[in-house]
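Novice: Okay, handing you the structure first.
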Amino acid sequence: MTIDLSHYPLLAKIDKPEQLREFPQEQLKQISDELRSYLLNSVSKSSGHFASGLGTIELTVALHYVYNTPVDHLIWDVGHQAYPHKILTGRRDKLHTIRQKDGLHPFPWREESEYDVLSVGHSSTSISAAVGLAVAAEKEGINRKTVAVIGDGAMTAGMAFEALNHGGDIHKDMLIVLNDNDMSISENVGALNTHLAKLLSGSLYTGLREKSKRILGSIPPIKELASKAEEHLKGMVVPSTFFEELGFNYIGPIDGHDVSSLVDTVRNMRSLKGPQILHVITTKGKGYEQAEQDPIKYHAVPKFDHTSQSLPASKASLPTYSKIFGDWLCATAEVDNKLMAITPAMREGSGMVEFSQRFPEQYFDVAIAEQHAVTFAAGLAIGGNKPVVAIYSSFLQRAYDQLIHDVAIQNLPVLFAIDRAGIVGADGPTHQGSFDLSFMRCVPNLVIMAPSDEAECRLMLNTGHQHQGPAAVRYPRGSGTGVALPSISETIEIGKGVLKRSGEKLAILAFGTVLTEAHLAAEQLNATLVDMRFVKPLDCQLIKQLAASHEYLITVEDNAIAGGAGSAVNEFIHSQKCTVDILNIGLPDSFIKHGTQQEIHTELGLDHPGIIQKITDFIN
C-alpha cells in the first residue's frame, strides 16, 4: 500500500527527527495537521491502534523537536500512542505493515529502531525505566536527557508510583510527561495554565525558587512559611501538590494540542535540573470526531472507510470466549449474590460490559493494578465471597507473587478466568499467553483447567466457582465452535480427562482448544485421542492406561513446552517408570513475534499438518 505524499508536503521531507528540527517553529502546526491526516489515512487502510495516536500528535512533534533524539532518550509507556513517533523516526512508509507478520511491531521495539529506547507492550513501566536511564545518563556525563511519556490510565498502577517515589528521592534529571486524556480543560483555564506553565518552567521563576529555598532552608519556621506560600500560589491554578511531595517539580496542566506552547514549555523544562513532571491535557481520537466521541471503540480498529460515520459492522460469527465468560458471569450472578467479579481495567476486552451494568454492586474495576486485583480477591474470599478475577494470561504474570502468597498458600476460593491464553496474535511477544500453564503448574492447591470448546469452558467455570479452593480456567482469544452450552449448575469431576477417539500405537493427549487440530491429526494417523481437560491435577490413571497400551504418547498444548502440561505428563511417566516414548508439542523456547493466530500456529506446527509432521518425524 502506498500513500500519495504530495498531500503531505512538509511531512514528506521528514524521514528522521533531525529534519523536523530544521523547520521553523511556526510550521509545526502544519506538520502536526499533516501527521494526523497521514495517521488517519494509513491506519484506516491497514488496521491498528488508532485513538491514542491521534491524541499525541502535537506532543510527539514537540518532544522530537526540542529533544535531540535518539541521543536523548524518549520512552513511551505501553506504546499504543507511539504510531506518530514511528512515522517521524524513519518508519512512515512502512506504517501500513504494522501488527502484520514480518511488518512493523505494534509497540516501540528496540530491535526495530534506535529511537525505540524501551521495548514495551504492558502498562506503567516507563517511569521505572526512565529513572534507570537517568542514573546511567549522569554516569555517562554527556548531557543526555531522559523523557518518559505516561498516560493517566497507566498512572493507576502501583509500579508507576514506586518509580515516582524512587525518582523523587534520588533526584536525577528527567522529565515525566503525564498525558492526561480523561479530563476536560476549558478555554480560559487552558490559556491561564499555558501562560503559567511557561512562567513556572522559565529560568526567572525556577532560579528565584531554588535560591529562596537555599537561603531560607536553614531557618525552619521561615522555610515552612515559604513552602506554604508557594503551594498556595500554585494551588489556585494547578492540581494538587502530590507530585511535588514525591520530589518532582510539577508544571501544568497545559493544552496538549497547542504545539507551539508545548514547544515553549518543553524547551524551558529541558534545561531544568532534577525530576520534572509536565502535565498535558489531550483528547483521545483528536481530529476524528467519531474517535473523540467513542475512544474505546476506536482504540484499535479494523480496516475502515474514514469518510463514513462508523466502523464496518462485524460479520456474524460464533461467540468469543470472552463473550461466553461474560454471559456465564451474568447467569451465575443471578443465582449467587456472593459472586464478585474483578478486572484490572479490561472490562471490554474480558467481556464484562453487560455484567458491570446489570450487577454494579458485584463488579470491581481496580484499574491497571493486577497485584491489587488478586490480593483484593483474597480479601473478598476471606470475607465469605466467591471472587472471580478476569485477567489476560500475560497480565497475570504481573501478579504472580499475589497468586502464590495471598491466594494459593491460604487455599482461598478465588477463580481466575484467564483470557488470551496461548497465541494471541497481532500484539506480539508482550501479549502472547505462552507461559501461564508453566508458571501456575508448580503452585500447590491450584486447580488448572483448559477447555477444548465453549461448552467445556462453561463447565469449568461452574466447577471452579463451586470449588472450595483456588482454580484457574484458561481460554484463548477468539471464537468457540458453536456447540450448545450446559446449564450453570452442571460441573465436571476434577482431574478427569475424556477419551475422544480410540486408535493404535499412538495416543495424543490434547490440552485445551488445540483438541480440534489434534482430532484431525489423530484421524489421519489412526491415533487414540484424549481431551485431558485438567493440567492440574492430571488424570494419572488415564495416562498410565494409555502408556501401557500405546508405544507413543504425544502431548499437544498452546503453551510453552518448557514446564507446561506436557512436562507434567513427562514427570508422571518418569515417576512410574513407564516404558513409552513421549513427544511434547507446544510453543518453543523463544518469544513469539506478531502475526495472525493462524499464521503463527502454522509456522510453529500447531495446526494438524504440523502436528502430523512432528509426530511422523519423531517416530521415524
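Note on naming: chains are A, B, ... as they come in the C-alpha cells, residues start from 1 per chain, ligands start from 1 in the order shown.
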Write out as a count of residues only which residues come within 7 Å of Ser44 of chain A when counting only C-alpha atoms, dropping same-chain ones fewer than 2 positions away.
Specialist: 9
Novice: From the options A:Thr241, A:Gly103, A:Gly167, A:Asp72, which residue's atoms come nearest to Asn143 of chain A, counting only C-alpha atoms?
Specialist: A:Asp72
Novice: Contacts of Lys145 of chain A at 10 Å or less, counting only C-alpha atoms, minus same-chain residues fewer than 3 places along, as a PyMOL selection string?
Specialist: chain A and resi 67-74+130+133-134+137-138+142+173-175+270-271
Novice: Can you pull out the residues contacting Ile87 of chain A? Cut-off 12 Å, using only C-alpha atoms, and skip same-chain residues under 2 positions away; I want them as a PyMOL selection string.
Specialist: chain A and resi 11-17+20+31-32+34-39+42-43+53+57+60-61+64+81-85+89-96+98+104+108+113+115
Novice: Let me see the file: selected residues, C-alpha atoms, as a PDB file, in the first residue's frame.
Specialist:
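Writing the result to result00.pdb gives the following:
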```pdb
ATOM      1  CA  LEU A  11       5.800  15.528   6.378  1.00  0.00           C
ATOM      2  CA  ALA A  12       7.243  14.065   3.165  1.00  0.00           C
ATOM      3  CA  LYS A  13      10.521  15.848   3.957  1.00  0.00           C
ATOM      4  CA  ILE A  14      10.832  14.268   7.415  1.00  0.00           C
ATOM      5  CA  ASP A  15      12.490  10.863   7.497  1.00  0.00           C
ATOM      6  CA  LYS A  16      14.092  11.436  10.887  1.00  0.00           C
ATOM      7  CA  PRO A  17      13.697  13.948  13.730  1.00  0.00           C
ATOM      8  CA  LEU A  20      11.886  18.001  11.788  1.00  0.00           C
ATOM      9  CA  ILE A  31       3.336  19.375  10.274  1.00  0.00           C
ATOM     10  CA  SER A  32       1.065  18.208  13.092  1.00  0.00           C
ATOM     11  CA  GLU A  34      -0.312  16.528   8.109  1.00  0.00           C
ATOM     12  CA  LEU A  35       0.847  13.900  10.594  1.00  0.00           C
ATOM     13  CA  ARG A  36      -2.676  13.454  11.955  1.00  0.00           C
ATOM     14  CA  SER A  37      -4.091  13.163   8.442  1.00  0.00           C
ATOM     15  CA  TYR A  38      -1.408  10.642   7.446  1.00  0.00           C
ATOM     16  CA  LEU A  39      -2.069   8.520  10.543  1.00  0.00           C
ATOM     17  CA  SER A  42      -2.789   4.850   6.890  1.00  0.00           C
ATOM     18  CA  VAL A  43      -4.413   3.085   9.848  1.00  0.00           C
ATOM     19  CA  GLY A  53      -2.051   8.061  18.466  1.00  0.00           C
ATOM     20  CA  ILE A  57       0.322  14.145  17.585  1.00  0.00           C
ATOM     21  CA  THR A  60       5.172  13.790  19.718  1.00  0.00           C
ATOM     22  CA  VAL A  61       6.145  16.639  17.405  1.00  0.00           C
ATOM     23  CA  HIS A  64      11.175  15.311  18.959  1.00  0.00           C
ATOM     24  CA  GLN A  81       0.166   6.065  21.268  1.00  0.00           C
ATOM     25  CA  ALA A  82       3.539   5.708  19.519  1.00  0.00           C
ATOM     26  CA  TYR A  83       2.396   5.474  15.879  1.00  0.00           C
ATOM     27  CA  PRO A  84       3.189   9.189  15.290  1.00  0.00           C
ATOM     28  CA  HIS A  85       6.612   8.542  16.849  1.00  0.00           C
ATOM     29  CA  THR A  89      11.507   8.225  13.049  1.00  0.00           C
ATOM     30  CA  GLY A  90      12.005   6.681   9.619  1.00  0.00           C
ATOM     31  CA  ARG A  91       9.088   4.227   9.502  1.00  0.00           C
ATOM     32  CA  ARG A  92       6.479   6.368   7.785  1.00  0.00           C
ATOM     33  CA  ASP A  93       6.378   4.319   4.577  1.00  0.00           C
ATOM     34  CA  LYS A  94       6.109   1.018   6.483  1.00  0.00           C
ATOM     35  CA  LEU A  95       3.308   2.062   8.812  1.00  0.00           C
ATOM     36  CA  HIS A  96       0.766   0.146   6.727  1.00  0.00           C
ATOM     37  CA  ILE A  98       2.083  -2.538  11.493  1.00  0.00           C
ATOM     38  CA  LEU A 104       6.303  -3.123  11.971  1.00  0.00           C
ATOM     39  CA  PRO A 108       8.035   0.569  20.386  1.00  0.00           C
ATOM     40  CA  SER A 113      14.741   1.316  15.710  1.00  0.00           C
ATOM     41  CA  TYR A 115      14.637   5.683  18.522  1.00  0.00           C
TER      42      TYR A 115
END
```
Novice: Kindly provide the residues of segment 404-426 of chain A that approach segment 347-368 of chain A to within 10 Å, each paired with its closest atom pair and their distance in Å to one decimal, based on only C-alpha atoms, listed by chain and increasing number, as JSON lines.
Specialist:
```
{"residue": "A:Ala417", "atom": "CA", "partner": "A:Ser350", "partner_atom": "CA", "distance": 9.1}
{"residue": "A:Ile418", "atom": "CA", "partner": "A:Ser350", "partner_atom": "CA", "distance": 9.1}
{"residue": "A:Asp419", "atom": "CA", "partner": "A:Ser350", "partner_atom": "CA", "distance": 6.9}
{"residue": "A:Arg420", "atom": "CA", "partner": "A:Ser350", "partner_atom": "CA", "distance": 9.1}
```
Novice: Of the residues A:Leu10, A:Val514, A:Leu272, A:Leu506, which is the one nearest to Ile582 of chain A, using only C-alpha atoms?
Specialist: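 Using only C-alpha atoms, Ile582 of chain A sits closest to A:Leu506.
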Novice: Go through A:Ala527, A:Cys457, A:Val78, A:Val374 one by one, measure the shortest atom-to-atom distance of each to Met155 of chain A using only C-alpha atoms, and give the residue with the smallest value.
Specialist: A:Val78
Novice: Going by DSSP on the backbone, which residues of segment 410-555 of chain A come out as alpha helix (DSSP H)? List them as a PyMOL selection string.
Specialist: chain A and resi 436-441+454-466+515-525+540-549
Novice: For Gly55 of chain A, work out the shell of residues within 7 Å, counting only C-alpha atoms and skipping chain neighbours fewer than 6 positions away, then give it as a ChimeraX atom specification.
Specialist: /A:282-286
Novice: Those residues with C-alpha atoms, as a PDB file, in the first residue's frame please?
Specialist:
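Writing the result to again_35.pdb gives the following:
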```
ATOM      1  CA  THR A 282      -5.096  15.768  25.395  1.00  0.00           C
ATOM      2  CA  THR A 283      -8.142  14.274  23.707  1.00  0.00           C
ATOM      3  CA  LYS A 284      -8.060  10.661  22.582  1.00  0.00           C
ATOM      4  CA  GLY A 285      -9.004  10.472  18.925  1.00  0.00           C
ATOM      5  CA  LYS A 286      -8.297  14.188  18.429  1.00  0.00           C
TER       6      LYS A 286
END
```
Novice: Residues near Leu415 of chain A, anyone? I mean within 8 Å using only C-alpha atoms, not counting same-chain ones fewer than 4 positions away, as number ranges by chain.
Specialist: A: 386-389, 464-465, 470-473
Novice: Store the residues picked out above in a file with N, CA and C atoms, as a compact mmCIF listing (two decimals), in the first residue's frame.
Specialist:
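Result written to selection.txt:
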```txt
# COMPACT_ATOMS: atom_id res chain seq x y z
N LYS A 386 -17.28 -15.12 46.75
CA LYS A 386 -16.73 -16.01 45.73
C LYS A 386 -16.18 -15.15 44.58
N PRO A 387 -14.97 -14.62 44.75
CA PRO A 387 -14.41 -13.72 43.74
C PRO A 387 -13.95 -14.43 42.47
N VAL A 388 -14.15 -13.74 41.36
CA VAL A 388 -13.66 -14.19 40.07
C VAL A 388 -12.75 -13.09 39.51
N VAL A 389 -11.49 -13.41 39.29
CA VAL A 389 -10.55 -12.44 38.72
C VAL A 389 -10.45 -12.71 37.22
N GLY A 464 -15.00 -24.43 38.79
CA GLY A 464 -14.09 -23.58 39.54
C GLY A 464 -14.80 -22.70 40.54
N HIS A 465 -15.98 -22.22 40.17
CA HIS A 465 -16.75 -21.35 41.06
C HIS A 465 -17.24 -22.11 42.29
N PRO A 470 -8.49 -22.38 45.29
CA PRO A 470 -8.16 -21.61 44.09
C PRO A 470 -8.25 -22.47 42.83
N ALA A 471 -8.75 -21.88 41.75
CA ALA A 471 -8.89 -22.58 40.48
C ALA A 471 -8.65 -21.60 39.34
N ALA A 472 -8.21 -22.13 38.20
CA ALA A 472 -7.96 -21.31 37.02
C ALA A 472 -8.54 -21.99 35.80
N VAL A 473 -9.22 -21.21 34.96
CA VAL A 473 -9.70 -21.68 33.67
C VAL A 473 -9.03 -20.80 32.62
```
Novice: Identify, with DSSP run on backbone atoms, the residues in segment 360-548 of chain A assigned to strand (DSSP E or B), and express the list as JSON, numbers by chain.
Specialist: {"A": [363, 364, 365, 386, 387, 388, 389, 390, 391, 392, 415, 416, 417, 418, 419, 422, 433, 447, 448, 449, 471, 472, 473, 474, 479, 498, 499, 500, 501, 506, 507, 508, 509, 510, 511, 528, 529, 530, 531, 534, 535, 536]}
Novice: Would you write out those residues with N, CA and C atoms, as a compact mmCIF listing (two decimals), in the first residue's frame?
Specialist:
```txt
# COMPACT_ATOMS: atom_id res chain seq x y z
N TYR A 363 -19.37 -5.83 40.85
CA TYR A 363 -18.35 -5.59 39.81
C TYR A 363 -17.32 -4.59 40.31
N PHE A 364 -16.04 -4.92 40.12
CA PHE A 364 -14.96 -4.05 40.57
C PHE A 364 -13.88 -3.95 39.49
N ASP A 365 -13.73 -2.74 38.95
CA ASP A 365 -12.59 -2.44 38.07
C ASP A 365 -11.56 -1.74 38.94
N LYS A 386 -17.28 -15.12 46.75
CA LYS A 386 -16.73 -16.01 45.73
C LYS A 386 -16.18 -15.15 44.58
N PRO A 387 -14.97 -14.62 44.75
CA PRO A 387 -14.41 -13.72 43.74
C PRO A 387 -13.95 -14.43 42.47
N VAL A 388 -14.15 -13.74 41.36
CA VAL A 388 -13.66 -14.19 40.07
C VAL A 388 -12.75 -13.09 39.51
N VAL A 389 -11.49 -13.41 39.29
CA VAL A 389 -10.55 -12.44 38.72
C VAL A 389 -10.45 -12.71 37.22
N ALA A 390 -10.98 -11.78 36.42
CA ALA A 390 -10.90 -11.89 34.97
C ALA A 390 -9.65 -11.17 34.51
N ILE A 391 -8.72 -11.90 33.91
CA ILE A 391 -7.42 -11.32 33.64
C ILE A 391 -6.78 -11.99 32.42
N TYR A 392 -6.06 -11.22 31.63
CA TYR A 392 -5.34 -11.79 30.49
C TYR A 392 -4.15 -12.62 31.00
N LEU A 415 -11.43 -17.75 41.82
CA LEU A 415 -11.42 -18.31 40.46
C LEU A 415 -10.74 -17.33 39.52
N PHE A 416 -9.74 -17.80 38.79
CA PHE A 416 -9.05 -16.99 37.80
C PHE A 416 -9.58 -17.36 36.41
N ALA A 417 -10.24 -16.41 35.75
CA ALA A 417 -10.70 -16.59 34.38
C ALA A 417 -9.64 -15.97 33.48
N ILE A 418 -8.81 -16.82 32.90
CA ILE A 418 -7.60 -16.36 32.20
C ILE A 418 -7.87 -16.30 30.70
N ASP A 419 -8.09 -15.10 30.23
CA ASP A 419 -8.37 -14.84 28.81
C ASP A 419 -7.04 -14.68 28.06
N GLY A 422 -2.42 -18.76 25.41
CA GLY A 422 -1.85 -19.27 24.16
C GLY A 422 -1.49 -18.15 23.22
N GLY A 433 0.04 -15.44 25.34
CA GLY A 433 -0.19 -16.13 26.61
C GLY A 433 0.56 -17.45 26.66
N VAL A 447 -6.08 -25.66 41.13
CA VAL A 447 -6.67 -26.50 40.09
C VAL A 447 -6.59 -25.73 38.77
N ILE A 448 -6.04 -26.37 37.73
CA ILE A 448 -5.85 -25.69 36.45
C ILE A 448 -6.60 -26.44 35.36
N MET A 449 -7.49 -25.72 34.65
CA MET A 449 -8.34 -26.33 33.63
C MET A 449 -8.14 -25.64 32.28
N ALA A 471 -8.75 -21.88 41.75
CA ALA A 471 -8.89 -22.58 40.48
C ALA A 471 -8.65 -21.60 39.34
N ALA A 472 -8.21 -22.13 38.20
CA ALA A 472 -7.96 -21.31 37.02
C ALA A 472 -8.54 -21.99 35.80
N VAL A 473 -9.22 -21.21 34.96
CA VAL A 473 -9.70 -21.68 33.67
C VAL A 473 -9.03 -20.80 32.62
N ARG A 474 -8.25 -21.42 31.75
CA ARG A 474 -7.54 -20.62 30.75
C ARG A 474 -8.11 -20.90 29.36
N SER A 479 -13.08 -17.16 18.81
CA SER A 479 -14.44 -17.69 18.90
C SER A 479 -14.45 -19.17 19.22
N VAL A 498 -11.16 -37.07 29.12
CA VAL A 498 -12.22 -37.72 28.34
C VAL A 498 -11.61 -38.36 27.10
N LEU A 499 -11.87 -39.65 26.91
CA LEU A 499 -11.42 -40.34 25.70
C LEU A 499 -12.30 -39.91 24.53
N LYS A 500 -11.70 -39.36 23.48
CA LYS A 500 -12.47 -38.86 22.33
C LYS A 500 -12.40 -39.81 21.13
N ARG A 501 -11.32 -40.60 21.07
CA ARG A 501 -11.16 -41.49 19.92
C ARG A 501 -10.18 -42.60 20.29
N LEU A 506 -0.34 -44.91 18.78
CA LEU A 506 -0.20 -43.51 19.18
C LEU A 506 -1.36 -43.07 20.07
N ALA A 507 -1.03 -42.32 21.12
CA ALA A 507 -2.08 -41.67 21.92
C ALA A 507 -1.75 -40.19 22.02
N ILE A 508 -2.68 -39.36 21.55
CA ILE A 508 -2.48 -37.91 21.59
C ILE A 508 -3.25 -37.35 22.77
N LEU A 509 -2.54 -36.68 23.65
CA LEU A 509 -3.13 -36.05 24.83
C LEU A 509 -3.23 -34.56 24.57
N ALA A 510 -4.43 -34.05 24.34
CA ALA A 510 -4.62 -32.64 23.98
C ALA A 510 -5.08 -31.84 25.19
N PHE A 511 -4.47 -30.67 25.38
CA PHE A 511 -4.82 -29.76 26.47
C PHE A 511 -5.38 -28.48 25.87
N THR A 528 -5.19 -42.77 19.11
CA THR A 528 -6.10 -42.51 20.21
C THR A 528 -6.02 -41.02 20.56
N LEU A 529 -7.16 -40.44 20.90
CA LEU A 529 -7.18 -39.01 21.24
C LEU A 529 -7.88 -38.82 22.58
N VAL A 530 -7.26 -38.04 23.46
CA VAL A 530 -7.83 -37.74 24.77
C VAL A 530 -7.90 -36.23 24.97
N ASP A 531 -9.04 -35.77 25.41
CA ASP A 531 -9.19 -34.39 25.87
C ASP A 531 -8.83 -34.41 27.36
N PHE A 534 -7.75 -31.25 32.37
CA PHE A 534 -7.06 -30.75 33.57
C PHE A 534 -5.55 -30.84 33.40
N VAL A 535 -4.90 -29.73 33.65
CA VAL A 535 -3.44 -29.71 33.69
C VAL A 535 -2.98 -30.05 35.11
N LYS A 536 -3.81 -29.63 36.07
CA LYS A 536 -3.53 -29.96 37.47
C LYS A 536 -4.86 -30.05 38.22
```
Novice: Determine the nearest neighbour of Ala373 of chain A from the options A:Thr307, A:Thr343, A:Asn268, A:Gln597, counting only C-alpha atoms.
Specialist: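 Residue with the minimum atom-to-atom distance to Ala373 of chain A: A:Thr343.
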